[in-house]
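Novice: To start, I am sharing the structure in question, which I have written as structure tokens.
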Amino acid sequence: MTGGTPRWGSMVVCLAIALVAAVVTFLDYTPRFSLWRGLGNSVVHRSPEYSRGNVVLIQVNDPWTRSFDPLHRVMAWRVLFPFVWHYGHLLPRWILAMPQVGCVAVLWLVAWLTHRRLNRWLPTVLATLLFAALPWFFVSSGWLGYFDSWYVLGLLATAFVPSRIALVAACLLTPWIDERFILALPATLLVRGVTLGIIEQKRWRDLRTDLILAVVASVPYLAIRAASWLRGDPDANAYVQAHIMTIRDVEWTRFVAGLWSGYRAGWIMIGVAVWQTVRRAGWVWGAALAFVAGAIVVGGLLIATDMSRSTTMICPLLLLGVWLWEATRPASRAWLLPAVVVANFLLPATHELWFKQFRLEHFPTELANWQAGPTPVFVAADLIAEAETLLAAGNKGAARKKLNAAIELDGSYAVAFAQRGLMRKDEGDRAGALVDANEAVRLDPTAPFGYLLRGYVRAELGDRAGAIQDMQNVLGHSAPDWPMRTNAAQLLERLSGGMVPQLSQPPVQGPAP
């Protein structure tokens, strides 16, 4: 019994709260579901709304595949759901609904844990709403094939569920959903120590036991990854070099935007979590929590382009802050939590990537976009597909008209600029080809074809150092089976040896699905 309500009744009420929070958040921060039409399209550019969904469907068909668009290279190890779907012989597209199911599961757990902790319904509702209005929910509800909700479920189970069976299960399974769980584990275990009173009560034996169990349960994942690394990865060095070269072009203000987008007004409650930890467990543990959480967030901004999502690694601190505040707040400051929740729903929310920003709009706006029919991005994709067919048939004049029309309609297609740049190069217009190649790289700095074209043009213009750098980027950003990868490696060798290569075949093969 809790608060006069039977346990099963509380669970039902918490489920209702979770559903309401999910609906409210979906209506206020609606995903661009009109772009889900891109699922299965091999030409349309790599928008996060559907591109990873294509990868997940490939994994369901063959969970052992390692041939990925480098933008989704991490999926080679995120195999839990694809394995279940493949060997369970489940309907493939059903897997794309699992992130939304996970959203409800996470919000139900937040509501359930909060009510058990505080035994009051108002802060339970507020905590659930606040936790919903975060990037993990935006991504899981709107980006097909992103399982952030289940990774968050693992973090919450580790941080707040007393059961050590839950702790072991979370540490054993969650890394196969998202390896960032491992990176988040130090902060998550610190939160567990504070939440369960282990640190405050100096139950060091319990702390050691939890730590040992978490480490042992994580060993299988770490051992397999280490074994794979020790066997050698021919792409690893090139990928790291490309990553370093790419991040150098990111303006520092982008990192600030990425940091803010993670929690917006919710950062107040994360600050409360640290402050209350100092009061309860001492400044050493509070400083340790602040340092570890800060290192995880900064590291997340640097190691992945999707900065908003990376901040999710410390999401248990948000819930901890709510709980500790509501347990100790003076009556005169009862307004703080409601104010933070209202502010988070009023403030604009964005997905912040290194080079891109996607703003979330309200439901009426996205519904109107859906009802308007295929957006320019899909019409342009059809034009590019027609251009590629014409090029294959040798009709360059008609193909160029199609590419120009696609660029005029939607100038966000890197592949269209690269195709047109190649045609300009073949016509002797190296200056025009370089302009198009630069634009292709700017629009999609993680795709190899823009770098390949620019490398050829730079070499012919005498910029050998720039050409070599571009070829290194090609190797770092291309999948192992990309048709031009071998050519790029050979051309890099020739460039390093002082030879200027001549382009013998088109460098543009549209982005991998």
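Ordering of the structure tokens sets the chain letters (A, B, ...), residue numbers begin anew at 1 in every chain, and ligands are numbered from 1 in the order given.
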Can I get the residues of segment 321-377 of chain A within 12 Å of segment 412-425 of chain A, each with the closest pair of atoms and their distance in Å to one decimal, using only C-alpha atoms, sorted chain first then ascending number, as a tab-separated table?

Specialist:
residue	atom	partner	partner_atom	distance
A:Lys356	CA	A:Ser412	CA	11.4
A:Pro376	CA	A:Ser412	CA	10.3
A:Val377	CA	A:Ser412	CA	8.1

Novice: Near Trp285 of chain A, counting only C-alpha atoms, which residues have an atom at most 10 Å away, once you skip same-chain residues fewer than 4 positions from it, shown as an MDAnalysis selection string?

Specialist: chainID A and resid 190 193:194 199:200 274 277:281 289:291

Novice: Got time to write the residues from that selection, all heavy atoms, as a short mmCIF file (atom, residue, chain, number, x, y, z; two decimals), in the first residue's frame?

Specialist:
data_model
loop_
_atom_site.label_atom_id
_atom_site.label_comp_id
_atom_site.auth_asym_id
_atom_site.auth_seq_id
_atom_site.Cartn_x
_atom_site.Cartn_y
_atom_site.Cartn_z
N LEU A 190 27.39 6.29 -9.03
CA LEU A 190 27.44 7.31 -7.98
C LEU A 190 26.02 7.74 -7.59
O LEU A 190 25.71 7.90 -6.41
CB LEU A 190 28.27 8.50 -8.44
CG LEU A 190 29.79 8.39 -8.33
CD1 LEU A 190 30.46 9.58 -9.00
CD2 LEU A 190 30.20 8.29 -6.87
N GLY A 193 24.53 5.15 -5.43
CA GLY A 193 25.02 5.24 -4.05
C GLY A 193 24.35 6.32 -3.25
O GLY A 193 24.07 6.15 -2.05
N VAL A 194 24.06 7.45 -3.88
CA VAL A 194 23.37 8.55 -3.20
C VAL A 194 21.90 8.22 -3.00
O VAL A 194 21.33 8.39 -1.91
CB VAL A 194 23.52 9.86 -4.00
CG1 VAL A 194 22.70 10.97 -3.36
CG2 VAL A 194 24.99 10.27 -4.09
N ILE A 199 26.06 5.72 0.32
CA ILE A 199 27.19 6.60 0.64
C ILE A 199 26.94 7.35 1.94
O ILE A 199 27.81 7.42 2.83
CB ILE A 199 27.45 7.58 -0.52
CG1 ILE A 199 27.91 6.81 -1.76
CG2 ILE A 199 28.48 8.63 -0.12
CD1 ILE A 199 28.07 7.67 -3.00
N GLU A 200 25.73 7.90 2.08
CA GLU A 200 25.41 8.68 3.28
C GLU A 200 25.52 7.82 4.54
O GLU A 200 25.98 8.29 5.59
CB GLU A 200 24.00 9.24 3.15
CG GLU A 200 23.60 10.19 4.26
CD GLU A 200 22.22 10.77 4.03
OE1 GLU A 200 21.61 10.49 2.99
OE2 GLU A 200 21.75 11.52 4.92
N VAL A 274 23.68 17.79 -7.47
CA VAL A 274 25.05 17.91 -6.96
C VAL A 274 25.06 18.61 -5.62
O VAL A 274 25.74 18.17 -4.67
CB VAL A 274 25.92 18.67 -7.99
CG1 VAL A 274 27.31 18.94 -7.42
CG2 VAL A 274 26.02 17.89 -9.29
N THR A 277 23.78 16.39 -2.90
CA THR A 277 24.75 15.33 -2.62
C THR A 277 25.83 15.85 -1.68
O THR A 277 26.26 15.14 -0.75
CB THR A 277 25.38 14.82 -3.92
OG1 THR A 277 24.36 14.23 -4.74
CG2 THR A 277 26.45 13.78 -3.64
N VAL A 278 26.27 17.09 -1.89
CA VAL A 278 27.24 17.71 -0.98
C VAL A 278 26.67 17.79 0.43
O VAL A 278 27.34 17.47 1.42
CB VAL A 278 27.64 19.10 -1.49
CG1 VAL A 278 28.47 19.83 -0.44
CG2 VAL A 278 28.41 19.00 -2.80
N ARG A 279 25.41 18.19 0.55
CA ARG A 279 24.78 18.33 1.86
C ARG A 279 24.61 16.99 2.56
O ARG A 279 24.76 16.89 3.79
CB ARG A 279 23.41 18.99 1.72
CG ARG A 279 23.46 20.44 1.27
CD ARG A 279 22.08 21.07 1.31
NE ARG A 279 21.54 21.05 2.67
CZ ARG A 279 20.30 21.41 2.97
NH1 ARG A 279 19.47 21.81 2.02
NH2 ARG A 279 19.87 21.37 4.22
N ARG A 280 24.30 15.94 1.79
CA ARG A 280 24.01 14.64 2.39
C ARG A 280 25.25 13.78 2.59
O ARG A 280 25.37 13.09 3.61
CB ARG A 280 23.02 13.88 1.50
CG ARG A 280 21.61 14.44 1.53
CD ARG A 280 20.77 13.84 0.44
NE ARG A 280 19.38 14.26 0.55
CZ ARG A 280 18.41 13.53 1.10
NH1 ARG A 280 18.68 12.33 1.57
NH2 ARG A 280 17.17 13.98 1.18
N ALA A 281 26.14 13.79 1.61
CA ALA A 281 27.27 12.86 1.65
C ALA A 281 28.62 13.54 1.82
O ALA A 281 29.63 12.85 1.96
CB ALA A 281 27.29 12.03 0.37
N LEU A 289 30.84 13.55 -7.97
CA LEU A 289 29.68 13.43 -8.86
C LEU A 289 29.71 14.52 -9.93
O LEU A 289 29.47 14.25 -11.11
CB LEU A 289 28.39 13.52 -8.05
CG LEU A 289 27.08 13.36 -8.84
CD1 LEU A 289 27.01 12.00 -9.51
CD2 LEU A 289 25.88 13.56 -7.91
N ALA A 290 30.02 15.75 -9.52
CA ALA A 290 30.08 16.86 -10.48
C ALA A 290 31.18 16.64 -11.50
O ALA A 290 30.99 16.86 -12.70
CB ALA A 290 30.29 18.18 -9.74
N PHE A 291 32.34 16.19 -11.04
CA PHE A 291 33.47 15.99 -11.95
C PHE A 291 33.19 14.87 -12.95
O PHE A 291 33.42 15.03 -14.15
CB PHE A 291 34.74 15.67 -11.16
CG PHE A 291 35.92 15.34 -12.02
CD1 PHE A 291 36.65 16.35 -12.63
CD2 PHE A 291 36.28 14.01 -12.24
CE1 PHE A 291 37.74 16.04 -13.44
CE2 PHE A 291 37.36 13.70 -13.05
CZ PHE A 291 38.10 14.71 -13.66
#

Novice: Residues at most 9 Å from Gly154 of chain A, counting only C-alpha atoms, excluding those fewer than 4 positions away in the same chain, as a ChimeraX atom specification?

Specialist: /A:149-150,158-159,166-167,169-171,173-175,181

Novice: Put those residues in a file: N, CA and C atoms, as a short mmCIF file (atom, residue, chain, number, x, y, z; two decimals), in the first residue's frame.

Specialist:
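result_39.cif, written as the output of this step:
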data_model
loop_
_atom_site.label_atom_id
_atom_site.label_comp_id
_atom_site.auth_asym_id
_atom_site.auth_seq_id
_atom_site.Cartn_x
_atom_site.Cartn_y
_atom_site.Cartn_z
N SER A 149 15.38 5.17 -25.79
CA SER A 149 14.48 4.96 -24.65
C SER A 149 14.89 3.72 -23.86
N TRP A 150 15.29 2.66 -24.54
CA TRP A 150 15.67 1.43 -23.85
C TRP A 150 17.03 1.58 -23.17
N THR A 158 19.71 0.84 -13.33
CA THR A 158 21.00 0.78 -12.63
C THR A 158 21.06 1.79 -11.50
N ALA A 159 20.55 2.97 -11.72
CA ALA A 159 20.67 4.05 -10.75
C ALA A 159 19.68 3.95 -9.59
N ALA A 166 18.24 -6.62 -11.16
CA ALA A 166 18.02 -5.57 -12.16
C ALA A 166 19.33 -4.90 -12.53
N LEU A 167 20.20 -4.69 -11.55
CA LEU A 167 21.50 -4.07 -11.81
C LEU A 167 22.32 -4.92 -12.78
N ALA A 169 21.24 -7.32 -14.82
CA ALA A 169 20.59 -7.42 -16.13
C ALA A 169 20.83 -6.18 -16.96
N ALA A 170 20.73 -5.01 -16.32
CA ALA A 170 20.95 -3.76 -17.05
C ALA A 170 22.38 -3.67 -17.57
N CYS A 171 23.36 -4.02 -16.74
CA CYS A 171 24.76 -3.93 -17.16
C CYS A 171 25.11 -4.98 -18.19
N LEU A 173 22.90 -6.30 -20.55
CA LEU A 173 22.17 -6.16 -21.80
C LEU A 173 22.26 -4.78 -22.44
N THR A 174 22.24 -3.73 -21.63
CA THR A 174 22.10 -2.38 -22.20
C THR A 174 23.25 -1.97 -23.12
N PRO A 175 24.51 -2.38 -22.86
CA PRO A 175 25.57 -1.98 -23.82
C PRO A 175 25.31 -2.46 -25.23
N PHE A 181 26.10 3.48 -22.57
CA PHE A 181 25.77 3.01 -21.22
C PHE A 181 27.04 2.77 -20.41
#

Novice: Taking only C-alpha atoms into account, which of A:Val56, A:Ala21, A:Leu259, A:Leu144 comes nearest Arg73 of chain A?

Specialist: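 Among the listed residues, the smallest separation from Arg73 of chain A belongs to A:Val56.
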
Novice: Please provide the set of residues having any atom within 10 Å of segment 394-402 of chain A, restricted to only C-alpha atoms, with same-chain residues fewer than 2 positions apart removed, written as number ranges by chain.

Specialist: A: 380, 382-392, 404-408, 416, 419-420, 423-424

Novice: Measuring atom to atom with only C-alpha atoms, identify which of A:Arg485, A:Arg208, A:His362, A:Arg225 is nearest to Phe33 of chain A.

Specialist: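 Distance minimum relative to Phe33 of chain A lands on A:His362.
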
Novice: List as a list in words the protein and nucleic acid residues near segment 85-88 of chain A, meaning an atom at most 12 Å away when only C-alpha atoms are counted, but skip any in the same chain fewer than 5 places from it.

Specialist: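 So the residues in contact are Val56, Leu57, Ile58, Gln59, Val60, Asn61, Asp62, Pro63, Trp64, Val79, Leu80, Arg93, Trp94, Ile95, Leu96 and Met98 of chain A.
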
Novice: Choose the residue, out of A:Leu130, A:Leu475, A:Ala111, A:Ile224, that has the smallest atom-to-atom separation from Met11 of chain A; count only C-alpha atoms.

Specialist: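 The answer is A:Ala111, which sits nearest to Met11 of chain A.
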
Novice: Do you know which residues are at most 6 Å from Val106 of chain A counting only C-alpha atoms, after dropping those on the same chain fewer than 3 positions away, and could you put them as a short mmCIF file (atom, residue, chain, number, x, y, z; two decimals) with all heavy atoms, in the first residue's frame?

Specialist:
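The resulting file, out39.cif, is reproduced below:
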data_model
loop_
_atom_site.label_atom_id
_atom_site.label_comp_id
_atom_site.auth_asym_id
_atom_site.auth_seq_id
_atom_site.Cartn_x
_atom_site.Cartn_y
_atom_site.Cartn_z
N CYS A 103 9.59 4.43 -24.78
CA CYS A 103 9.25 5.75 -24.21
C CYS A 103 8.23 5.60 -23.08
O CYS A 103 8.38 6.19 -22.01
CB CYS A 103 8.70 6.67 -25.29
SG CYS A 103 9.93 7.30 -26.45
N LEU A 109 8.29 3.97 -15.49
CA LEU A 109 9.25 3.70 -14.42
C LEU A 109 9.56 4.98 -13.65
O LEU A 109 9.66 4.95 -12.41
CB LEU A 109 10.54 3.11 -15.01
CG LEU A 109 11.61 2.71 -13.99
CD1 LEU A 109 11.08 1.64 -13.05
CD2 LEU A 109 12.88 2.23 -14.69
N LEU A 153 16.22 3.37 -20.09
CA LEU A 153 15.62 2.43 -19.15
C LEU A 153 16.71 1.68 -18.39
O LEU A 153 16.61 1.45 -17.17
CB LEU A 153 14.72 1.45 -19.90
CG LEU A 153 13.77 0.60 -19.05
CD1 LEU A 153 12.71 1.47 -18.40
CD2 LEU A 153 13.12 -0.48 -19.91
#

Novice: Once you count only C-alpha atoms, what closest atom pair and distance in Å to one decimal does each residue of segment 144-234 of chain A within 8 Å of segment 135-139 of chain A have, with rows by chain and rising residue number, as a tab-separated table?

Specialist:
residue	atom	partner	partner_atom	distance
A:Tyr146	CA	A:Val139	CA	6.7
A:Asp148	CA	A:Trp136	CA	5.6
A:Ser149	CA	A:Trp136	CA	6.2
A:Val152	CA	A:Trp136	CA	7.6
